[in-house]
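Q: Contents of structure02.pdb (PDB, C-alpha atoms and all ligand atoms):
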```
ATOM      1  CA  MET A1470      10.261 -11.197  -3.369
ATOM      2  CA  TRP A1471      10.998  -7.748  -4.775
ATOM      3  CA  GLY A1472      12.627  -9.513  -7.703
ATOM      4  CA  THR A1473      14.998 -11.694  -5.691
ATOM      5  CA  PRO A1474      14.094 -15.341  -6.297
ATOM      6  CA  ALA A1475      12.871 -17.639  -3.558
ATOM      7  CA  GLN A1476      14.342 -21.159  -3.185
ATOM      8  CA  VAL A1477      12.095 -22.194  -5.979
ATOM      9  CA  ALA A1478      14.021 -25.310  -7.042
ATOM     10  CA  GLN A1479      13.607 -26.713  -3.518
ATOM     11  CA  LEU A1480       9.941 -25.748  -3.548
ATOM     12  CA  ARG A1481       9.572 -27.617  -6.837
ATOM     13  CA  ASP A1482      11.108 -30.746  -5.275
ATOM     14  CA  LEU A1483       8.867 -30.437  -2.248
ATOM     15  CA  ALA A1484       5.759 -30.088  -4.425
ATOM     16  CA  ASP A1485       6.803 -33.121  -6.481
ATOM     17  CA  GLN A1486       7.421 -35.207  -3.375
ATOM     18  CA  HIS A1487       3.917 -34.506  -2.121
ATOM     19  CA  GLY A1488       2.078 -34.494  -5.441
ATOM     20  CA  LEU A1489       1.274 -30.785  -5.163
ATOM     21  CA  LYS A1490       1.024 -28.134  -7.828
ATOM     22  CA  LEU A1491       3.448 -25.260  -7.558
ATOM     23  CA  PHE A1492       2.313 -21.774  -8.495
ATOM     24  CA  GLU A1493       4.895 -19.032  -8.702
ATOM     25  CA  ASP A1494       4.091 -15.422  -7.942
ATOM     26  CA  GLY A1495       6.698 -13.843 -10.205
ATOM     27  CA  SER A1496       4.997 -10.483  -9.927
ATOM     28  CA  HIS A1497       8.260  -8.536  -9.569
ATOM     29  CA  ALA A1498      10.721 -11.007 -10.984
ATOM     30  CA  HIS A1499      10.688 -10.654 -14.772
ATOM     31  CA  GLY A1500      13.991 -11.977 -16.057
ATOM     32  CA  ALA A1501      15.211 -13.107 -12.621
ATOM     33  CA  THR A1502      17.011 -16.455 -12.731
ATOM     34  CA  VAL A1503      17.867 -19.355 -10.437
ATOM     35  CA  SER A1504      21.006 -21.216 -11.540
ATOM     36  CA  GLY A1505      20.513 -19.729 -15.000
ATOM     37  CA  ARG A1506      16.886 -20.822 -15.254
ATOM     38  CA  ARG A1507      14.207 -18.165 -15.447
ATOM     39  CA  VAL A1508      11.817 -17.620 -12.582
ATOM     40  CA  GLY A1509       8.376 -18.620 -13.817
ATOM     41  CA  SER A1510       9.573 -21.851 -15.403
ATOM     42  CA  PHE A1511       9.675 -23.883 -12.170
ATOM     43  CA  GLY A1512       5.989 -23.910 -11.329
ATOM     44  CA  ASP A1513       3.004 -25.561 -12.934
ATOM     45  CA  ALA A1514       2.031 -21.970 -13.552
ATOM     46  CA  ALA A1515       3.406 -18.533 -12.793
ATOM     47  CA  ALA A1516       1.794 -15.103 -12.684
ATOM     48  CA  PHE A1517       3.582 -11.838 -13.431
ATOM     49  CA  SER A1518       2.326  -8.330 -12.883
ATOM     50  CA  MET A1519       2.957  -5.580 -15.399
ATOM     51  CA  ASN A1520       1.474  -2.735 -13.446
ATOM     52  CA  GLY A1521       3.195   0.651 -13.120
ATOM     53  CA  PRO A1522       6.704   0.294 -11.730
ATOM     54  CA  LYS A1523       7.358  -3.369 -12.517
ATOM     55  CA  PRO A1524      10.577  -4.196 -14.413
ATOM     56  CA  LEU A1525       8.342  -5.108 -17.340
ATOM     57  CA  SER A1526       5.547  -2.566 -17.311
ATOM     58  CA  ALA A1527       2.422  -2.256 -19.398
ATOM     59  CA  GLY A1528       0.871   0.333 -17.110
ATOM     60  CA  GLU A1529      -1.564  -2.250 -15.775
ATOM     61  CA  GLY A1530      -2.289  -5.933 -16.256
ATOM     62  CA  GLY A1531      -0.200  -9.066 -16.146
ATOM     63  CA  PHE A1532       0.254 -12.483 -17.656
ATOM     64  CA  LEU A1533       0.209 -16.147 -16.790
ATOM     65  CA  LEU A1534       2.714 -18.778 -17.868
ATOM     66  CA  THR A1535       1.793 -22.434 -17.850
ATOM     67  CA  ASP A1536       2.304 -25.632 -19.771
ATOM     68  CA  ASP A1537      -0.517 -27.327 -17.869
ATOM     69  CA  ALA A1538      -3.630 -27.574 -20.067
ATOM     70  CA  GLU A1539      -5.996 -27.736 -17.099
ATOM     71  CA  VAL A1540      -4.554 -24.562 -15.546
ATOM     72  CA  TYR A1541      -4.571 -22.830 -18.923
ATOM     73  CA  HIS A1542      -8.184 -23.628 -19.709
ATOM     74  CA  ARG A1543      -9.363 -22.709 -16.245
ATOM     75  CA  ALA A1544      -7.485 -19.400 -16.374
ATOM     76  CA  LEU A1545      -8.913 -18.747 -19.834
ATOM     77  CA  LEU A1546     -12.436 -19.192 -18.457
ATOM     78  CA  HIS A1547     -11.737 -16.575 -15.776
ATOM     79  CA  GLY A1548     -10.159 -14.107 -18.166
ATOM     80  CA  GLN A1549     -12.377 -14.479 -21.197
ATOM     81  CA  TYR A1550     -15.670 -15.766 -22.450
ATOM     82  CA  ASN A1551     -17.031 -16.867 -25.746
ATOM     83  CA  LYS A1552     -14.598 -16.369 -28.646
ATOM     84  CA  ARG A1553     -11.242 -17.374 -27.228
ATOM     85  CA  CYS A1554     -12.737 -20.002 -24.961
ATOM     86  CA  ARG A1555     -14.713 -21.548 -27.802
ATOM     87  CA  ASN A1556     -11.698 -21.423 -30.083
ATOM     88  CA  GLU A1557      -9.164 -22.755 -27.616
ATOM     89  CA  ILE A1558     -10.891 -25.171 -25.268
ATOM     90  CA  PRO A1559     -11.325 -28.432 -27.171
ATOM     91  CA  GLU A1560     -14.924 -29.560 -27.573
ATOM     92  CA  THR A1561     -14.031 -32.869 -25.984
ATOM     93  CA  TYR A1562     -12.727 -31.141 -22.863
ATOM     94  CA  PRO A1563     -15.169 -31.148 -19.899
ATOM     95  CA  LEU A1564     -14.756 -27.390 -19.345
ATOM     96  CA  HIS A1565     -15.817 -26.627 -22.914
ATOM     97  CA  ARG A1566     -19.426 -26.492 -21.752
ATOM     98  CA  TYR A1567     -18.603 -23.188 -20.022
ATOM     99  CA  ALA A1568     -16.901 -21.656 -23.041
ATOM    100  CA  VAL A1569     -19.709 -19.287 -24.023
ATOM    101  CA  THR A1570     -20.151 -17.702 -20.598
ATOM    102  CA  GLY A1571     -16.722 -18.309 -19.105
ATOM    103  CA  MET A1572     -16.931 -17.930 -15.323
ATOM    104  CA  GLY A1573     -18.943 -14.758 -15.751
ATOM    105  CA  LEU A1574     -15.801 -12.677 -15.290
ATOM    106  CA  LYS A1575     -13.543 -10.813 -17.661
ATOM    107  CA  HIS A1576     -10.148 -10.579 -15.977
ATOM    108  CA  ARG A1577      -8.186 -10.379 -19.180
ATOM    109  CA  ILE A1578      -5.529  -7.741 -19.699
ATOM    110  CA  HIS A1579      -6.567  -4.717 -21.729
ATOM    111  CA  PRO A1580      -5.388  -5.412 -25.304
ATOM    112  CA  LEU A1581      -3.574  -2.075 -25.516
ATOM    113  CA  ALA A1582      -1.664  -2.880 -22.313
ATOM    114  CA  ALA A1583      -0.803  -6.302 -23.742
ATOM    115  CA  ALA A1584       0.609  -4.598 -26.844
ATOM    116  CA  ILE A1585       2.670  -2.211 -24.670
ATOM    117  CA  GLY A1586       3.963  -5.145 -22.591
ATOM    118  CA  LEU A1587       4.965  -7.050 -25.689
ATOM    119  CA  ASN A1588       6.808  -4.034 -27.031
ATOM    120  CA  GLN A1589       8.556  -3.485 -23.673
ATOM    121  CA  LEU A1590       9.715  -7.103 -23.623
ATOM    122  CA  SER A1591      12.406  -6.292 -26.174
ATOM    123  CA  ASN A1592      13.801  -3.679 -23.733
ATOM    124  CA  LEU A1593      13.724  -5.920 -20.684
ATOM    125  CA  ASP A1594      17.390  -6.917 -20.778
ATOM    126  CA  THR A1595      18.453  -3.268 -21.028
ATOM    127  CA  TYR A1596      16.182  -2.319 -18.128
ATOM    128  CA  LEU A1597      17.527  -5.208 -16.046
ATOM    129  CA  ALA A1598      21.127  -4.241 -16.789
ATOM    130  CA  GLY A1599      20.365  -0.714 -15.498
ATOM    131  CA  ARG A1600      18.721  -2.091 -12.369
ATOM    132  CA  HIS A1601      21.755  -4.331 -11.768
ATOM    133  CA  ARG A1602      24.141  -1.386 -12.037
ATOM    134  CA  ILE A1603      22.119   0.639  -9.551
ATOM    135  CA  ALA A1604      21.748  -2.308  -7.155
ATOM    136  CA  ASP A1605      25.495  -3.031  -7.302
ATOM    137  CA  TYR A1606      26.258   0.608  -6.578
ATOM    138  CA  LEU A1607      23.862   0.770  -3.631
ATOM    139  CA  CYS A1608      24.990  -2.567  -2.174
ATOM    140  CA  GLU A1609      28.595  -1.436  -2.388
ATOM    141  CA  ARG A1610      27.796   1.860  -0.653
ATOM    142  CA  LEU A1611      25.751   0.088   2.034
ATOM    143  CA  ARG A1612      28.344  -2.582   2.744
ATOM    144  CA  ASP A1613      29.899  -0.770   5.696
ATOM    145  CA  VAL A1614      26.759   0.888   7.001
ATOM    146  CA  PRO A1615      25.909  -0.676  10.346
ATOM    147  CA  GLY A1616      22.345  -1.723  11.020
ATOM    148  CA  VAL A1617      21.371  -2.645   7.488
ATOM    149  CA  GLU A1618      22.202  -5.587   5.303
ATOM    150  CA  PRO A1619      21.054  -5.687   1.692
ATOM    151  CA  ILE A1620      19.392  -8.966   0.784
ATOM    152  CA  VAL A1621      21.153 -10.165  -2.326
ATOM    153  CA  PRO A1622      20.489 -13.268  -4.395
ATOM    154  CA  ALA A1623      22.721 -16.342  -4.171
ATOM    155  CA  GLN A1624      25.837 -16.230  -6.406
ATOM    156  CA  SER A1625      24.193 -18.508  -8.954
ATOM    157  CA  ASP A1626      20.977 -16.475  -9.074
ATOM    158  CA  ARG A1627      19.970 -13.130 -10.530
ATOM    159  CA  SER A1628      17.440 -10.673  -9.173
ATOM    160  CA  SER A1629      15.347  -8.377 -11.328
ATOM    161  CA  TRP A1630      15.947  -5.761  -8.602
ATOM    162  CA  TYR A1631      12.398  -4.522  -8.476
ATOM    163  CA  GLY A1632      13.454  -3.277  -5.064
ATOM    164  CA  LEU A1633      16.507  -3.362  -2.853
ATOM    165  CA  ILE A1634      15.463  -4.986   0.397
ATOM    166  CA  LEU A1635      17.391  -4.154   3.531
ATOM    167  CA  ARG A1636      17.457  -6.444   6.521
ATOM    168  CA  TYR A1637      17.475  -4.350   9.691
ATOM    169  CA  ARG A1638      20.194  -5.375  12.153
ATOM    170  CA  PRO A1639      19.341  -3.560  15.391
ATOM    171  CA  GLU A1640      22.128  -5.361  17.278
ATOM    172  CA  GLN A1641      24.669  -3.404  15.202
ATOM    173  CA  LEU A1642      23.272  -0.054  16.397
ATOM    174  CA  ASP A1643      23.544   1.448  19.862
ATOM    175  CA  GLY A1644      20.398   3.476  19.764
ATOM    176  CA  PRO A1645      17.400   4.085  17.576
ATOM    177  CA  ALA A1646      17.737   3.706  13.860
ATOM    178  CA  ARG A1647      19.103   7.203  13.130
ATOM    179  CA  PRO A1648      22.266   5.971  11.371
ATOM    180  CA  LEU A1649      19.970   4.522   8.708
ATOM    181  CA  LEU A1650      18.633   7.876   7.766
ATOM    182  CA  ARG A1651      21.228   9.063   5.329
ATOM    183  CA  ARG A1652      21.106   8.788   1.639
ATOM    184  CA  PRO A1653      22.401  10.554  -1.480
ATOM    185  CA  THR A1654      20.674  13.908  -1.983
ATOM    186  CA  SER A1655      17.411  13.823  -3.898
ATOM    187  CA  GLY A1656      18.269  10.702  -5.837
ATOM    188  CA  ARG A1657      21.598  12.020  -7.060
ATOM    189  CA  CYS A1658      24.414   9.622  -6.535
ATOM    190  CA  ASP A1659      27.384  11.999  -6.374
ATOM    191  CA  ARG A1660      29.752  10.786  -3.748
ATOM    192  CA  GLY A1661      30.056  12.741  -0.549
ATOM    193  CA  ARG A1662      26.763  14.606  -0.765
ATOM    194  CA  GLN A1663      24.123  13.439   1.632
ATOM    195  CA  ALA A1664      20.716  14.364   2.948
ATOM    196  CA  ARG A1665      19.347  13.615   6.372
ATOM    197  CA  PHE A1666      15.724  12.720   6.849
ATOM    198  CA  ASP A1667      13.806  14.498   9.502
ATOM    199  CA  LEU A1668      12.145  12.078  11.910
ATOM    200  CA  PRO A1669       9.958  12.469  14.948
ATOM    201  CA  ALA A1670      12.147  12.103  18.065
ATOM    202  CA  GLU A1671      10.171   9.160  19.383
ATOM    203  CA  PRO A1672       8.244   6.706  17.250
ATOM    204  CA  PRO A1673       4.548   7.038  18.077
ATOM    205  CA  ALA A1674       2.892   4.003  19.616
ATOM    206  CA  ALA A1675       1.551   1.387  17.273
ATOM    207  CA  LEU A1676      -2.130   1.599  16.425
ATOM    208  CA  PRO A1677      -4.293  -1.366  17.272
ATOM    209  CA  ARG A1678      -4.867  -3.874  14.552
ATOM    210  CA  THR A1679      -7.878  -2.714  12.588
ATOM    211  CA  ARG A1680      -8.140  -4.979   9.603
ATOM    212  CA  PRO A1681      -8.731  -8.713  10.020
ATOM    213  CA  ALA A1682      -6.298  -9.660   7.257
ATOM    214  CA  LEU A1683      -3.495  -7.525   8.650
ATOM    215  CA  PRO A1684      -1.079  -9.654  10.691
ATOM    216  CA  CYS A1685       0.766  -6.756  12.384
ATOM    217  CA  PRO A1686      -0.322  -3.703  14.304
ATOM    218  CA  LEU A1687      -0.235  -0.549  12.216
ATOM    219  CA  THR A1688       2.338   2.065  13.018
ATOM    220  CA  PRO A1689       1.756   5.706  12.195
ATOM    221  CA  LEU A1690       5.520   6.342  12.041
ATOM    222  CA  ARG A1691       6.421   7.889   8.740
ATOM    223  CA  LEU A1692       9.994   6.860   8.155
ATOM    224  CA  CYS A1693      10.943   9.900   6.141
ATOM    225  CA  SER A1694       8.914  13.056   6.268
ATOM    226  CA  ARG A1695      11.145  15.614   4.621
ATOM    227  CA  ALA A1696      14.718  15.679   3.469
ATOM    228  CA  VAL A1697      17.004  18.145   5.222
ATOM    229  CA  PRO A1698      19.991  19.028   3.046
ATOM    230  CA  GLN A1699      23.327  18.759   4.854
ATOM    231  CA  SER A1700      26.132  21.149   4.281
TER
HETATM  232  C1  LIG B1801       3.993 -10.059  -4.832
HETATM  233  C2  LIG B1801       2.857  -9.526  -5.669
HETATM  234  N1  LIG B1801       2.021 -10.402  -6.242
HETATM  235  C3  LIG B1801       0.996  -9.969  -6.992
HETATM  236  C4  LIG B1801       0.771  -8.629  -7.208
HETATM  237  C5  LIG B1801      -0.419  -8.231  -8.011
HETATM  238  O1  LIG B1801      -0.131  -7.597  -9.175
HETATM  239  P1  LIG B1801      -1.249  -6.759  -9.929
HETATM  240  O2  LIG B1801      -1.349  -5.445  -9.234
HETATM  241  O3  LIG B1801      -0.761  -6.626 -11.335
HETATM  242  O4  LIG B1801      -2.533  -7.545  -9.840
HETATM  243  C6  LIG B1801       1.615  -7.683  -6.649
HETATM  244  C7  LIG B1801       1.441  -6.241  -6.917
HETATM  245  O5  LIG B1801       2.366  -5.478  -6.926
HETATM  246  C8  LIG B1801       2.689  -8.143  -5.846
HETATM  247  O6  LIG B1801       3.508  -7.269  -5.251
END
```
Output the structure of this file as structure tokens.
Ligand SMILES: Cc1ncc(COP(=O)(O)O)c(C=O)c1O

A:
Amino acid sequence: MWGTPAQVAQLRDLADQHGLKLFEDGSHAHGATVSGRRVGSFGDAAAFSMNGPKPLSAGEGGFLLTDDAEVYHRALLHGQYNKRCRNEIPETYPLHRYAVTGMGLKHRIHPLAAAIGLNQLSNLDTYLAGRHRIADYLCERLRDVPGVEPIVPAQSDRSSWYGLILRYRPEQLDGPARPLLRRPTSGRCDRGRQARFDLPAEPPAALPRTRPALPCPLTPLRLCSRAVPQS
């Protein structure tokens, strides 16, 4: 999640034990590794997003990895119709009969986005190195901050650092979460300069759950409304 790999090797074992397919959502985790092996290579298939801020961005779109012919042909029928399906799905294959129409959907990536993604791939290692440097810096600075604990990958693993996730440790704080609300001024990382974020004194009550798919009540609390420079 957020580029930090799950226990995907164990999930692979579990799937094998029970004869299940394993699908990886590698949406954020381009180039992330588990014991040196790339995320996306553990599952029967893996999907990656390349929309806006992803470590590998094409503006919009994504891609699927698989070495499973059934998954590949089924995905092809959802993404395309006619030419590629007729060219790639063998005539002897049962799904070939749908090749002309596909599944009636065209979920393929825009070709221009695919070209951008391919071009960006050669920069991925440089982008990841930058993300690592920033994550190391932030983790180091957060090490002694009570109330938060950065979630870092296991020693043998590597995150793509799509985001830095903080586990909230309320037991380390005496009151509300105010000590969390400090950060380097407007994205600048010069030591010693900080901004405080202006918060409502009391968090407003949670709103009732309004959407069936939403597991938690909504809260109208905006964590940071405006930055107040500190002298
Ligand atoms: C975990 C996860 N999976 C899948 C997706 C879907 O990606 P896309 O927006 O490219 O369809 C996202 C989007 O950010 C995501 O966060």

Q: Once you count only C-alpha atoms and all ligand atoms, which residues end up within 6 Å of ligand LIG 1801 (chain B), and could you hand them over as number ranges by chain?

A: A: 1494, 1496, 1518-1520, 1530-1531

Q: So what does the PyMOL selection byres (((chain A and resi 1488-1491) around 12) and not hetatm) actually pick up in this one, as a list in words?

A: Val1477, Ala1478, Gln1479, Leu1480, Arg1481, Asp1482, Leu1483, Ala1484, Asp1485, Gln1486, His1487, Phe1492, Glu1493, Asp1494, Gly1509, Ser1510, Phe1511, Gly1512, Asp1513, Ala1514, Ala1515, Ala1516, Thr1535, Asp1537, Glu1539 and Val1540 of chain A

Q: When you count all atoms listed in the file, which of these residues is closest to Gly1505 in chain A: A:Pro1474, A:Gly1528, A:Ser1591, A:Tyr1550?

A: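 Closest to Gly1505 in chain A of all the choices is A:Pro1474.
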
Q: A:Ala1544, A:Leu1587, A:Ile1578, A:Ala1527: which is nearest Leu1564 in chain A, counting all atoms listed in the file?

A: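 Going through A:Ala1544, A:Leu1587, A:Ile1578, A:Ala1527 one by one, the smallest distance to Leu1564 in chain A is for A:Ala1544.
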
Q: Expressed in Å to a single decimal, how great is the separation between CA of Asp1536 in chain A and CA of Cys1554 in chain A?

A: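 Separation between CA of Asp1536 in chain A and CA of Cys1554 in chain A: 16.9 Å.
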
Q: Within 12 Å of Gly1500 in chain A, counting only C-alpha atoms, which residues qualify if same-chain residues fewer than 4 places away don't, as a PyMOL selection string?

A: chain A and resi 1472-1474+1495-1496+1505-1510+1517+1523-1525+1590-1598+1600-1601+1626-1631

Q: What does the structure give for the distance between CA of Tyr1567 in chain A and CA of Arg1543 in chain A, in Å to one decimal?

A: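 Pair CA of Tyr1567 in chain A / CA of Arg1543 in chain A returns 10.0 Å.
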
Q: Write out as a ChimeraX atom specification the residues lying within 12 Å of Glu1640 in chain A, counting all atoms listed in the file and excluding same-chain residues fewer than 6 positions away.

A: /A:1615-1618,1646

Q: Would you mind exporting C-alpha atoms of the selected residues as a CSV table (one decimal), in the frame of the given file?

A:
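Resulting contents of again11.csv:
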```csv
chain,number,residue,atom,x,y,z
A,1615,PRO,CA,25.9,-0.7,10.3
A,1616,GLY,CA,22.3,-1.7,11.0
A,1617,VAL,CA,21.4,-2.6,7.5
A,1618,GLU,CA,22.2,-5.6,5.3
A,1646,ALA,CA,17.7,3.7,13.9
```

Q: Suppose you want the space between CA of Leu1533 in chain A and CA of Ala1583 in chain A; what is it in Å?

A: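 We find that CA of Leu1533 in chain A and CA of Ala1583 in chain A lie 12.1 Å from each other.
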
Q: Got a sec to write range 1554-1589 of chain A of the block to a file, N, CA and C atoms, as a PDB file, in the first residue's frame?

A:
```pdb
ATOM      1  N   CYS A1554      -7.445  -8.571 -30.673  1.00  0.00           N
ATOM      2  CA  CYS A1554      -8.024  -9.833 -30.193  1.00  0.00           C
ATOM      3  C   CYS A1554      -7.945 -10.899 -31.285  1.00  0.00           C
ATOM      4  N   ARG A1555      -8.240 -10.488 -32.515  1.00  0.00           N
ATOM      5  CA  ARG A1555      -8.180 -11.481 -33.602  1.00  0.00           C
ATOM      6  C   ARG A1555      -6.742 -11.916 -33.869  1.00  0.00           C
ATOM      7  N   ASN A1556      -5.826 -10.958 -33.711  1.00  0.00           N
ATOM      8  CA  ASN A1556      -4.419 -11.295 -33.960  1.00  0.00           C
ATOM      9  C   ASN A1556      -3.820 -12.157 -32.852  1.00  0.00           C
ATOM     10  N   GLU A1557      -4.266 -11.901 -31.612  1.00  0.00           N
ATOM     11  CA  GLU A1557      -3.538 -12.512 -30.493  1.00  0.00           C
ATOM     12  C   GLU A1557      -4.223 -13.715 -29.851  1.00  0.00           C
ATOM     13  N   ILE A1558      -5.533 -13.785 -29.963  1.00  0.00           N
ATOM     14  CA  ILE A1558      -6.196 -14.945 -29.334  1.00  0.00           C
ATOM     15  C   ILE A1558      -6.237 -16.071 -30.373  1.00  0.00           C
ATOM     16  N   PRO A1559      -5.577 -17.177 -30.083  1.00  0.00           N
ATOM     17  CA  PRO A1559      -5.502 -18.246 -31.087  1.00  0.00           C
ATOM     18  C   PRO A1559      -6.890 -18.732 -31.511  1.00  0.00           C
ATOM     19  N   GLU A1560      -7.014 -19.067 -32.775  1.00  0.00           N
ATOM     20  CA  GLU A1560      -8.330 -19.491 -33.288  1.00  0.00           C
ATOM     21  C   GLU A1560      -8.858 -20.719 -32.576  1.00  0.00           C
ATOM     22  N   THR A1561      -7.932 -21.520 -32.051  1.00  0.00           N
ATOM     23  CA  THR A1561      -8.344 -22.747 -31.371  1.00  0.00           C
ATOM     24  C   THR A1561      -8.814 -22.464 -29.933  1.00  0.00           C
ATOM     25  N   TYR A1562      -8.606 -21.255 -29.481  1.00  0.00           N
ATOM     26  CA  TYR A1562      -8.910 -20.934 -28.082  1.00  0.00           C
ATOM     27  C   TYR A1562     -10.398 -20.622 -27.945  1.00  0.00           C
ATOM     28  N   PRO A1563     -11.087 -21.162 -26.917  1.00  0.00           N
ATOM     29  CA  PRO A1563     -12.546 -20.974 -26.845  1.00  0.00           C
ATOM     30  C   PRO A1563     -12.976 -19.500 -26.890  1.00  0.00           C
ATOM     31  N   LEU A1564     -12.145 -18.609 -26.314  1.00  0.00           N
ATOM     32  CA  LEU A1564     -12.557 -17.197 -26.266  1.00  0.00           C
ATOM     33  C   LEU A1564     -12.401 -16.486 -27.612  1.00  0.00           C
ATOM     34  N   HIS A1565     -11.802 -17.168 -28.579  1.00  0.00           N
ATOM     35  CA  HIS A1565     -11.595 -16.520 -29.880  1.00  0.00           C
ATOM     36  C   HIS A1565     -12.920 -16.105 -30.514  1.00  0.00           C
ATOM     37  N   ARG A1566     -13.983 -16.810 -30.177  1.00  0.00           N
ATOM     38  CA  ARG A1566     -15.278 -16.480 -30.793  1.00  0.00           C
ATOM     39  C   ARG A1566     -15.750 -15.070 -30.430  1.00  0.00           C
ATOM     40  N   TYR A1567     -15.160 -14.492 -29.361  1.00  0.00           N
ATOM     41  CA  TYR A1567     -15.551 -13.127 -28.985  1.00  0.00           C
ATOM     42  C   TYR A1567     -14.584 -12.067 -29.523  1.00  0.00           C
ATOM     43  N   ALA A1568     -13.627 -12.504 -30.338  1.00  0.00           N
ATOM     44  CA  ALA A1568     -12.543 -11.587 -30.701  1.00  0.00           C
ATOM     45  C   ALA A1568     -13.027 -10.342 -31.448  1.00  0.00           C
ATOM     46  N   VAL A1569     -14.027 -10.486 -32.279  1.00  0.00           N
ATOM     47  CA  VAL A1569     -14.458  -9.321 -33.080  1.00  0.00           C
ATOM     48  C   VAL A1569     -15.103  -8.255 -32.196  1.00  0.00           C
ATOM     49  N   THR A1570     -15.942  -8.681 -31.280  1.00  0.00           N
ATOM     50  CA  THR A1570     -16.667  -7.701 -30.446  1.00  0.00           C
ATOM     51  C   THR A1570     -15.977  -7.423 -29.123  1.00  0.00           C
ATOM     52  N   GLY A1571     -15.040  -8.265 -28.717  1.00  0.00           N
ATOM     53  CA  GLY A1571     -14.525  -8.179 -27.357  1.00  0.00           C
ATOM     54  C   GLY A1571     -15.689  -8.339 -26.395  1.00  0.00           C
ATOM     55  N   MET A1572     -15.598  -7.690 -25.230  1.00  0.00           N
ATOM     56  CA  MET A1572     -16.700  -7.751 -24.263  1.00  0.00           C
ATOM     57  C   MET A1572     -17.593  -6.514 -24.422  1.00  0.00           C
ATOM     58  N   GLY A1573     -17.431  -5.850 -25.544  1.00  0.00           N
ATOM     59  CA  GLY A1573     -18.245  -4.650 -25.776  1.00  0.00           C
ATOM     60  C   GLY A1573     -17.669  -3.436 -25.080  1.00  0.00           C
ATOM     61  N   LEU A1574     -16.472  -3.567 -24.544  1.00  0.00           N
ATOM     62  CA  LEU A1574     -15.856  -2.465 -23.792  1.00  0.00           C
ATOM     63  C   LEU A1574     -14.496  -2.139 -24.399  1.00  0.00           C
ATOM     64  N   LYS A1575     -14.056  -0.913 -24.173  1.00  0.00           N
ATOM     65  CA  LYS A1575     -12.724  -0.567 -24.674  1.00  0.00           C
ATOM     66  C   LYS A1575     -11.959   0.097 -23.523  1.00  0.00           C
ATOM     67  N   HIS A1576     -11.414  -0.717 -22.656  1.00  0.00           N
ATOM     68  CA  HIS A1576     -10.727  -0.203 -21.465  1.00  0.00           C
ATOM     69  C   HIS A1576      -9.235  -0.013 -21.685  1.00  0.00           C
ATOM     70  N   ARG A1577      -8.820  -0.062 -22.944  1.00  0.00           N
ATOM     71  CA  ARG A1577      -7.378   0.011 -23.163  1.00  0.00           C
ATOM     72  C   ARG A1577      -6.851   1.401 -22.814  1.00  0.00           C
ATOM     73  N   ILE A1578      -5.561   1.456 -22.545  1.00  0.00           N
ATOM     74  CA  ILE A1578      -4.896   2.723 -22.284  1.00  0.00           C
ATOM     75  C   ILE A1578      -4.857   3.534 -23.586  1.00  0.00           C
ATOM     76  N   HIS A1579      -4.921   4.838 -23.458  1.00  0.00           N
ATOM     77  CA  HIS A1579      -4.767   5.683 -24.642  1.00  0.00           C
ATOM     78  C   HIS A1579      -3.342   5.480 -25.188  1.00  0.00           C
ATOM     79  N   PRO A1580      -3.204   5.276 -26.497  1.00  0.00           N
ATOM     80  CA  PRO A1580      -1.870   4.973 -27.042  1.00  0.00           C
ATOM     81  C   PRO A1580      -0.827   6.042 -26.726  1.00  0.00           C
ATOM     82  N   LEU A1581      -1.247   7.304 -26.674  1.00  0.00           N
ATOM     83  CA  LEU A1581      -0.279   8.361 -26.365  1.00  0.00           C
ATOM     84  C   LEU A1581       0.218   8.215 -24.919  1.00  0.00           C
ATOM     85  N   ALA A1582      -0.722   7.881 -24.008  1.00  0.00           N
ATOM     86  CA  ALA A1582      -0.326   7.663 -22.615  1.00  0.00           C
ATOM     87  C   ALA A1582       0.623   6.464 -22.523  1.00  0.00           C
ATOM     88  N   ALA A1583       0.339   5.427 -23.292  1.00  0.00           N
ATOM     89  CA  ALA A1583       1.223   4.249 -23.278  1.00  0.00           C
ATOM     90  C   ALA A1583       2.628   4.645 -23.718  1.00  0.00           C
ATOM     91  N   ALA A1584       2.710   5.514 -24.728  1.00  0.00           N
ATOM     92  CA  ALA A1584       4.024   5.951 -25.223  1.00  0.00           C
ATOM     93  C   ALA A1584       4.738   6.775 -24.139  1.00  0.00           C
ATOM     94  N   ILE A1585       3.978   7.622 -23.439  1.00  0.00           N
ATOM     95  CA  ILE A1585       4.586   8.432 -22.361  1.00  0.00           C
ATOM     96  C   ILE A1585       5.101   7.505 -21.254  1.00  0.00           C
ATOM     97  N   GLY A1586       4.259   6.516 -20.884  1.00  0.00           N
ATOM     98  CA  GLY A1586       4.648   5.571 -19.829  1.00  0.00           C
ATOM     99  C   GLY A1586       5.921   4.822 -20.194  1.00  0.00           C
ATOM    100  N   LEU A1587       5.988   4.407 -21.424  1.00  0.00           N
ATOM    101  CA  LEU A1587       7.165   3.653 -21.881  1.00  0.00           C
ATOM    102  C   LEU A1587       8.418   4.534 -21.801  1.00  0.00           C
ATOM    103  N   ASN A1588       8.263   5.765 -22.202  1.00  0.00           N
ATOM    104  CA  ASN A1588       9.382   6.705 -22.140  1.00  0.00           C
ATOM    105  C   ASN A1588       9.799   6.946 -20.676  1.00  0.00           C
ATOM    106  N   GLN A1589       8.802   7.091 -19.793  1.00  0.00           N
ATOM    107  CA  GLN A1589       9.089   7.357 -18.382  1.00  0.00           C
ATOM    108  C   GLN A1589       9.781   6.177 -17.693  1.00  0.00           C
TER     109      GLN A1589
END
```
